[in-house]
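For reference, the structure is listed below as structure tokens.
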Amino acid sequence: MSHHSPVVVPAPGKTEWDGGVSPMNASYGKLMMWFFLLSDAFTFSALLITYGLVRSSHAAYDGAVESFVFSQTYWPIPEMVFNSLPFQEYLTQWFGWTHFPLIFVGIMTFILIMSSVTMVLAVEAGQRMDRRAVEKWMLWTLLGGICFLSCQAWEWSHFIHGAHAGQAVLENTSFFGANLVHNQYGPPDFADFFFFITGFHGFHVFSGVLLNFLIFYNTVTGVYDRRGSYEMVEKVGLYWHFVDLVWVFVFTFFYLV
Amino acid sequence: MAHSHSEENTITVLPPDKERIKKLWQVAGILGIITAFEFAVAFLVPHEWKDIRVWTFILMTIVKAAYIVGEFMHLRHETKVLMWSILIPIVFIVWMLVAFVYEGMAIAVVR
């Protein structure tokens with residue numbers, strides 16, 4: 001440490017490697033959100049791909065759809081499992097309808113797409129420094145997220161308790177609904193993947209709602225006006241759109257295929 | 001912070017970008033229509049035509065994903081290097097999907 005040689009620090013921005021340049025033209029926080037989402041995409045893919053592996057290793061039901069019954073020997077047709085609605089007894093009573101395949105999931109998908117639109121409108125408002133508009137659209141987004149979570153709570157509750165005749169798991173017993181070990185609707189793996197995939201997604205929606213609330217709170221209290229930038233809305237917006245994106249894949253591979 | 005008060009007073013709110021907002025609602029409409037189309041395929045195309053059903057669903061999902069990532073998440077309008085940094089690693093997911101589903105079908109044969 002006795003000898004000090006002068007260190008020459010080049011001025012930032014002289015070449016690409018001198019620092020001070022943003023080749024991706026995005027802030028640190030936004031880039032990190034993108035790369036976090038990429039890693040999260042890998043996590044969700046691992047779940048969905050494992051679902052694909054296990055499902056394709058089970059026998060598929062190859063009879064007529066009309067005569068489908070639940071069995072442990074083949075993978076169920078999703079539209080035969082998810083065919084209920086809240087308050088459906090009234091629809092049965094008034095119109096005689098009993099089978100509502102994927103209707104509820106369709107409603108959930110619509111809710112999530114709409115909340116994605118309101119989120120991107122909040123981002124647009126933030127870029128114009130329009131606090132009132134950001135507040136409005138964040139409130140709609142929060143409402144959408146809470147509606148989706150409520151729907152999922154009903155869906156889970158219905159799936160767990162079961163509604164139709166149970167499946168004889170042991171001699172002289174019937175099991176209604178599903179848990180991680182027993183499953184009325186088909187092989188136990190089917191219920192396991194339902195719980196893990198929609199649960200992991202639901203957890204993302206839940207944390208998204210928390211983050212959205214934080215953004216809403218900061219907007220109302222003027223944090224972003226004082227900061228002079230609403231970029232936090234964009235970053236959390238990326239997360240919220242990703243949650244919507246994952247649902248698009250869950251909807252296809254879990255409910256439709 | 002003393003300077004923050006002066007900043008608060010100089011905020012100029014820009015008028016809404018009508019063109020961009022219209023475009024965003026259009027994207028939402030497209031997503032809705034594609035989902036409705038998926039429902040139509042789910043209930044009108046018989047289950048015996050399994051391959052047609054599955055590939056339609058996969059194709060529609062990719063189109064929806066492209067709209068969400070490209071327009072809502074704005075990736076299509078970012079710099080090319082950012083866009084490809086996100087998109088290229090997805091190749092690994094596609095490869096993993098193909099490999100594992102193929103493996104699953106092989107397990108089904110052995111069972």
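Ordering of the structure tokens sets the chain letters (A, B, ...), residue numbers begin anew at 1 in every chain, and ligands are numbered from 1 in the order given.
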
Sorted by chain and rising residue number, list the residues of chain B at most 6 Å from chain A (counting only C-alpha atoms), each with its closest atom pair and distance in Å to one decimal, as JSON lines.
```
{"residue": "B:Ser4", "atom": "CA", "partner": "A:Arg226", "partner_atom": "CA", "distance": 5.6}
{"residue": "B:Glu8", "atom": "CA", "partner": "A:Arg226", "partner_atom": "CA", "distance": 5.3}
{"residue": "B:Val13", "atom": "CA", "partner": "A:Met129", "partner_atom": "CA", "distance": 5.2}
{"residue": "B:Leu14", "atom": "CA", "partner": "A:Arg128", "partner_atom": "CA", "distance": 4.9}
{"residue": "B:Val54", "atom": "CA", "partner": "A:Val257", "partner_atom": "CA", "distance": 5.8}
{"residue": "B:Met73", "atom": "CA", "partner": "A:Leu238", "partner_atom": "CA", "distance": 5.7}
{"residue": "B:Thr79", "atom": "CA", "partner": "A:Met24", "partner_atom": "CA", "distance": 5.8}
{"residue": "B:Leu82", "atom": "CA", "partner": "A:Met24", "partner_atom": "CA", "distance": 5.5}
{"residue": "B:Leu97", "atom": "CA", "partner": "A:Ile49", "partner_atom": "CA", "distance": 5.4}
{"residue": "B:Phe100", "atom": "CA", "partner": "A:Leu53", "partner_atom": "CA", "distance": 5.4}
{"residue": "B:Val101", "atom": "CA", "partner": "A:Leu53", "partner_atom": "CA", "distance": 4.7}
{"residue": "B:Gly104", "atom": "CA", "partner": "A:Ser57", "partner_atom": "CA", "distance": 4.3}
{"residue": "B:Met105", "atom": "CA", "partner": "A:Ser57", "partner_atom": "CA", "distance": 5.2}
{"residue": "B:Ile107", "atom": "CA", "partner": "A:Ser57", "partner_atom": "CA", "distance": 5.3}
{"residue": "B:Ala108", "atom": "CA", "partner": "A:Ser57", "partner_atom": "CA", "distance": 4.2}
```

Got time to write the residues from that selection, N, CA, C and O atoms, as a compact mmCIF listing (two decimals), in the first residue's frame?
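So selection_10.txt came out as:
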```
# COMPACT_ATOMS: atom_id res chain seq x y z
N SER B 4 -38.83 18.41 -2.27
CA SER B 4 -39.95 17.63 -2.79
C SER B 4 -41.22 18.46 -2.90
O SER B 4 -42.06 18.20 -3.74
N GLU B 8 -43.72 18.92 -6.18
CA GLU B 8 -45.14 18.60 -6.16
C GLU B 8 -45.96 19.68 -6.87
O GLU B 8 -46.97 19.41 -7.48
N VAL B 13 -50.11 17.41 -15.63
CA VAL B 13 -50.85 16.22 -16.05
C VAL B 13 -51.13 16.34 -17.54
O VAL B 13 -51.73 17.31 -18.00
N LEU B 14 -50.66 15.32 -18.28
CA LEU B 14 -50.88 15.34 -19.73
C LEU B 14 -52.27 14.78 -20.05
O LEU B 14 -52.81 13.98 -19.28
N VAL B 54 -56.61 -30.05 -29.57
CA VAL B 54 -55.43 -29.70 -28.78
C VAL B 54 -54.59 -28.65 -29.49
O VAL B 54 -54.18 -27.66 -28.89
N MET B 73 -47.63 -5.94 -21.69
CA MET B 73 -46.35 -5.83 -20.99
C MET B 73 -45.36 -5.00 -21.81
O MET B 73 -44.23 -4.79 -21.38
N THR B 79 -36.47 -2.32 -26.48
CA THR B 79 -35.34 -2.52 -27.39
C THR B 79 -35.25 -4.00 -27.76
O THR B 79 -35.66 -4.87 -26.99
N LEU B 82 -33.52 -6.37 -25.26
CA LEU B 82 -34.34 -6.75 -24.11
C LEU B 82 -35.37 -7.81 -24.52
O LEU B 82 -35.54 -8.82 -23.84
N LEU B 97 -40.95 -29.20 -22.37
CA LEU B 97 -42.33 -29.65 -22.56
C LEU B 97 -42.39 -30.84 -23.51
O LEU B 97 -42.97 -31.88 -23.18
N PHE B 100 -40.71 -34.02 -21.95
CA PHE B 100 -41.40 -34.67 -20.83
C PHE B 100 -42.73 -35.29 -21.25
O PHE B 100 -43.10 -36.34 -20.76
N VAL B 101 -43.45 -34.64 -22.16
CA VAL B 101 -44.71 -35.23 -22.61
C VAL B 101 -44.41 -36.50 -23.41
O VAL B 101 -45.10 -37.51 -23.28
N GLY B 104 -43.77 -39.09 -20.95
CA GLY B 104 -45.01 -39.53 -20.35
C GLY B 104 -45.73 -40.54 -21.20
O GLY B 104 -46.27 -41.54 -20.71
N MET B 105 -45.75 -40.31 -22.51
CA MET B 105 -46.44 -41.24 -23.42
C MET B 105 -45.71 -42.58 -23.44
O MET B 105 -46.34 -43.64 -23.53
N ILE B 107 -44.10 -43.83 -20.86
CA ILE B 107 -44.48 -44.47 -19.60
C ILE B 107 -45.84 -45.14 -19.74
O ILE B 107 -46.06 -46.27 -19.27
N ALA B 108 -46.77 -44.45 -20.43
CA ALA B 108 -48.10 -45.02 -20.64
C ALA B 108 -48.04 -46.33 -21.38
O ALA B 108 -48.82 -47.25 -21.12
```

From a DSSP pass on the backbone, collect the residues of chain B flagged as helix (DSSP H, G or I) and hand them back as a ChimeraX atom specification.
-> /B:2-9,18-44,50-72,75-77,80-87,90-110

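Candidate residues A:Val69, A:Met138, A:Met32, A:Ala178 were compared for distance to Ile215 of chain A, and the nearest is A:Met138, using only C-alpha atoms.
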
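The two atoms in question, atom CA of His158 of chain A and atom CA of Ser174 of chain A, are spaced 17.0 Å apart.
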
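Minimum distance to Ile52 of chain B across B:Ala66, B:His74, B:Val109, B:Glu38 (counting only C-alpha atoms) occurs at B:Glu38.
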
Top pick for closest residue to Leu47 of chain A, considering B:Arg111, B:Gly29, B:Phe57, B:Met96 and counting only C-alpha atoms = B:Met96

Excluding Gly199 of chain A and any residue of its chain fewer than 6 positions from it, enumerate the residues within 10 Å of it, using only C-alpha atoms, and give them as a PyMOL selection string.
-> chain A and resi 152+156+193+205

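For the pair atom CA of His182 of chain A and atom CA of Ser71 of chain A, the separation is 12.0 Å.
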